[in-house]
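Structure first, commentary second.
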Number of protein chains: 2
Amino acid sequence: MPRIKLTRPRPSPADAGRNGTTEPVDFGPLSTWVGFHLRMAQSASFQAFARETHDTYLRPGRFATLMLIGKNPGISQTALSKANGRDKSTLTPVLADLEKRGLIRRKRTTEDRRTYRLSLTPAGEKMLVELTKCATRHDRNLDRLIGPKDRERFLAILRKITAEIG
Amino acid sequence: MPRIKLTRPRPSPADAGRNGTTEPVDFGPLSTWVGFHLRMAQSASFQAFARETHDTYLRPGRFATLMLIGKNPGISQTALSKANGRDKSTLTPVLADLEKRGLIRRKRTTEDRRTYRLSLTPAGEKMLVELTKCATRHDRNLDRLIGPKDRERFLAILRKITAEIG
DNA sequence: TATTGTTATACTCTATAACTATA
DNA sequence: TATAGTTATAGAGTATAACAATA
């Protein structure tokens with residue numbers, strides 16, 4: 001709950017667009033660039049997700065990792081890192097943390113002793129269910145903003161950007 | 001230019017979705033969640049932007065900062081931090097860096113000696129022009145993916161998410 | 001008392017390169 | 001020689017809290 005301000009602050013130069021007046025800020029070409037708004041929207045959505053999970057659980061990235069393991073038991077670290085588009089070394093500390101928290105298991109395979117097979121523990125399954133509820137709530141909020149008519153098209157465009165911009 | 005692989009690597013367990021086979025990875029509900037795709041698309045767009053600027057110039061966040069100063073000469077640090085939605089303390093090292101590179105100027109005002117007024121140096125103007133070309137190229141690529149028919153609607157949705165999800 | 005901007009600090013996310021052990 | 005995963009390291013980006021100067 002936000003603390004209530006008891007006094008009304010005087011207007012100050014820092015609230016001004018420029019020259020000490022309160023003109024709105026000019027965003028220039030940023031205001032029509034997709035890349036900029038993609039960044040702003042993802043950042044806002046990220047913060048909203050964190051609020052939805054009450055800052056107690058996992059952030060979106062960790063959550064996606066948990067989901068991918070849950071849906072693909074036995075997946076290797078390399079396959080996992082490819083699936084969410086990050087380097088394998090990025091995954092090492094994340095998995096170490098998830099394992100330390102008792103959410104995932106890592107098992108050496110007998111066929112190829114270089115690889116690990118990842119899976120969820122019962123606690124991990126439970127956490128995934130819990131977080132899925134939060135994420136569903138969060139995504140329902142996003143859906144409400146987008147509207148059912150545009151939703152599929154919007155999603156398709158995001159997918160296309162992800163797949164083809166690189 | 002990517003180096004050419006001279007040998008064909010054998011299929012290995014890490015390429016597999018699970019169980020050592022090469023089934024595709026199951027993304028579960030992630031595949032229909034806006035938040036997830038927003039994250040993936042912004043990350044892909046970010047990388048593409050960096051490629052467009054040849055990794056030599058500024059990253060998207062710095063670039064937006066430069067643009068906002070350029071379009072709003074005399075803006076204060078607090079107003080700037082509000083405009084791109086970050087805490088003012090986040091801005092301090094960024095501005096220090098831009099000043100050190102000779103791209104911006106910071107001037108104390110006489111009316112309120114707490115605030116700085118930010119503006120671009122000639123070098124900053126030049127950099128902004130240069131980067132704007134890169135960003136325009138980048139955004140043209142995005143536009144091509146989105147298509148002119150959906151572009152405005154797509155942008156409007158991103159703006160709405162930014163403004164209203166919080 | 002409130003605000004501007006800085007400092008100290010800390011945490012997350014990310015990547016590259018060099019390494020090991022296995023293949 | 002190539003791959004799976006780890007380690008060491010580095011650099012963004014972000015935030016909170018305490019602070020000095022100023023209002």
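Every chain in the structure tokens takes a letter, A first, then B, and so on in the order presented; its residues are numbered from 1, and the ligands are numbered from 1 following the presented order.
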
Sorted per-residue table, range 111-163 of chain A near range 7-23 of chain C, closest atoms and distance, 10 Å, only C-alpha atoms (C1' of nucleotides), as a tab-separated table:
```
residue	atom	partner	partner_atom	distance
A:Asp112	CA	C:DA23	C1'	7.7
A:Arg113	CA	C:DT22	C1'	6.6
A:Arg114	CA	C:DT22	C1'	5.6
A:Thr115	CA	C:DT22	C1'	9.3
```

Could you save those same residues with C-alpha atoms as a PDB file, in the first residue's frame?
```pdb
ATOM      1  CA  ASP A 112      26.052 -39.503 -22.709  1.00  0.00           C
ATOM      2  CA  ARG A 113      27.699 -38.614 -19.447  1.00  0.00           C
ATOM      3  CA  ARG A 114      28.283 -35.008 -20.482  1.00  0.00           C
ATOM      4  CA  THR A 115      24.627 -34.056 -20.322  1.00  0.00           C
TER       5      THR A 115
END
```

Per residue of chain A within 7 Å of chain B, which atom pair is closest and at what distance in Å (one decimal), using only C-alpha atoms, listed by chain and increasing number, as a Markdown table?
```
| residue | atom | partner | partner_atom | distance |
| --- | --- | --- | --- | --- |
| A:Ala14 | CA | B:Ala79 | CA | 5.1 |
| A:Asp15 | CA | B:Ala79 | CA | 5.3 |
| A:Ala16 | CA | B:Ala79 | CA | 6.3 |
| A:Gly17 | CA | B:Ile75 | CA | 5.7 |
| A:Arg18 | CA | B:Ile75 | CA | 4.5 |
| A:Asn19 | CA | B:Gly74 | CA | 5.9 |
| A:Val25 | CA | B:Asn72 | CA | 6.7 |
| A:Asp26 | CA | B:Lys71 | CA | 5.9 |
| A:Phe27 | CA | B:Leu68 | CA | 6.0 |
| A:Gly28 | CA | B:Lys71 | CA | 6.3 |
| A:Trp33 | CA | B:Asp139 | CA | 6.3 |
| A:Val34 | CA | B:Leu155 | CA | 6.4 |
| A:Gly35 | CA | B:Ser45 | CA | 6.5 |
| A:His37 | CA | B:Leu158 | CA | 5.9 |
| A:Leu38 | CA | B:Gln42 | CA | 5.6 |
| A:Arg39 | CA | B:Gln42 | CA | 5.8 |
| A:Met40 | CA | B:Thr162 | CA | 6.0 |
| A:Ala41 | CA | B:Thr162 | CA | 4.5 |
| A:Gln42 | CA | B:Leu38 | CA | 5.6 |
| A:Ala44 | CA | B:Thr162 | CA | 5.5 |
| A:Ser45 | CA | B:Gly35 | CA | 6.5 |
| A:Ala48 | CA | B:Gly166 | CA | 6.0 |
| A:Leu68 | CA | B:Phe27 | CA | 6.0 |
| A:Lys71 | CA | B:Asp26 | CA | 5.9 |
| A:Asn72 | CA | B:Arg18 | CA | 6.1 |
| A:Pro73 | CA | B:Arg18 | CA | 6.5 |
| A:Gly74 | CA | B:Arg18 | CA | 5.0 |
| A:Ile75 | CA | B:Arg18 | CA | 4.5 |
| A:Ser76 | CA | B:Ala14 | CA | 5.2 |
| A:Gln77 | CA | B:Ala14 | CA | 7.0 |
| A:Thr78 | CA | B:Ala14 | CA | 5.2 |
| A:Ala79 | CA | B:Ala14 | CA | 5.1 |
| A:Asp139 | CA | B:Trp33 | CA | 6.3 |
| A:Leu145 | CA | B:Ile161 | CA | 6.6 |
| A:Ile146 | CA | B:Ile157 | CA | 6.0 |
| A:Phe154 | CA | B:Phe154 | CA | 6.5 |
| A:Leu155 | CA | B:Val34 | CA | 6.4 |
| A:Ile157 | CA | B:Ile146 | CA | 6.0 |
| A:Leu158 | CA | B:Ala41 | CA | 5.6 |
| A:Arg159 | CA | B:His37 | CA | 6.5 |
| A:Lys160 | CA | B:Leu145 | CA | 6.9 |
| A:Ile161 | CA | B:Ala41 | CA | 5.7 |
| A:Thr162 | CA | B:Ala41 | CA | 4.5 |
| A:Ile165 | CA | B:Ala48 | CA | 6.5 |
| A:Gly166 | CA | B:Ala48 | CA | 6.0 |
```

In range 16-144 of chain B, DSSP strand (DSSP E) residues written as a PDB file with C-alpha atoms, in the first residue's frame:
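Full text of selection.pdb as output:
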```
ATOM      1  CA  ILE B 104      25.972  16.278 -23.570  1.00  0.00           C
ATOM      2  CA  ARG B 105      26.392  19.378 -21.404  1.00  0.00           C
ATOM      3  CA  ARG B 106      25.054  19.905 -17.882  1.00  0.00           C
ATOM      4  CA  LYS B 107      24.509  23.466 -16.699  1.00  0.00           C
ATOM      5  CA  ARG B 108      23.425  24.656 -13.266  1.00  0.00           C
ATOM      6  CA  TYR B 116      20.967  20.840 -13.964  1.00  0.00           C
ATOM      7  CA  ARG B 117      19.817  21.689 -17.452  1.00  0.00           C
ATOM      8  CA  LEU B 118      20.797  19.106 -19.990  1.00  0.00           C
ATOM      9  CA  SER B 119      21.600  19.760 -23.627  1.00  0.00           C
ATOM     10  CA  LEU B 120      23.514  18.207 -26.487  1.00  0.00           C
TER      11      LEU B 120
END
```

Once you count only C-alpha atoms (C1' of nucleotides), which residues of chain D turn out to be within 10 Å of chain B? Could you give them as a VMD selection string?
-> chain D and resid 1 to 4 12 to 16 21 to 23

Output the contact residues of chain C with respect to chain B at a cut-off of 8 Å, based on only C-alpha atoms (C1' of nucleotides), as number ranges by chain.
-> C: 4-6

Could you give me, as JSON, numbers by chain, each residue of range 70-148 of chain B that DSSP assigns to alpha helix (DSSP H) when run on this structure's backbone?
-> {"B": [70, 71, 77, 78, 79, 80, 81, 82, 83, 88, 89, 90, 91, 92, 93, 94, 95, 96, 97, 98, 99, 100, 122, 123, 124, 125, 126, 127, 128, 129, 130, 131, 132, 133, 134, 135, 136, 137, 138, 139, 140, 141, 142, 143, 144, 145, 146, 148]}

Pairwise distance for CA of Gly102 in chain A and CA of Arg137 in chain A, rounded to one decimal in Å =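 Rounded to one decimal, the two atoms are 25.4 Å apart.
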
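Between CA of Leu58 in chain A and CA of Arg101 in chain A the separation is 11.3 Å.
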
Polymer residues at most 8 Å from Pro122 in chain B, only C-alpha atoms (C1' of nucleotides), same-chain spacing of 3 or more positions, as an MDAnalysis selection string = chainID B and resid 103 125:126

Could you tell me how far CA of Leu98 in chain B lies from CA of Leu128 in chain B, in Å and to one decimal?
->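 Atom-to-atom, CA of Leu98 in chain B to CA of Leu128 in chain B, that is 12.0 Å.
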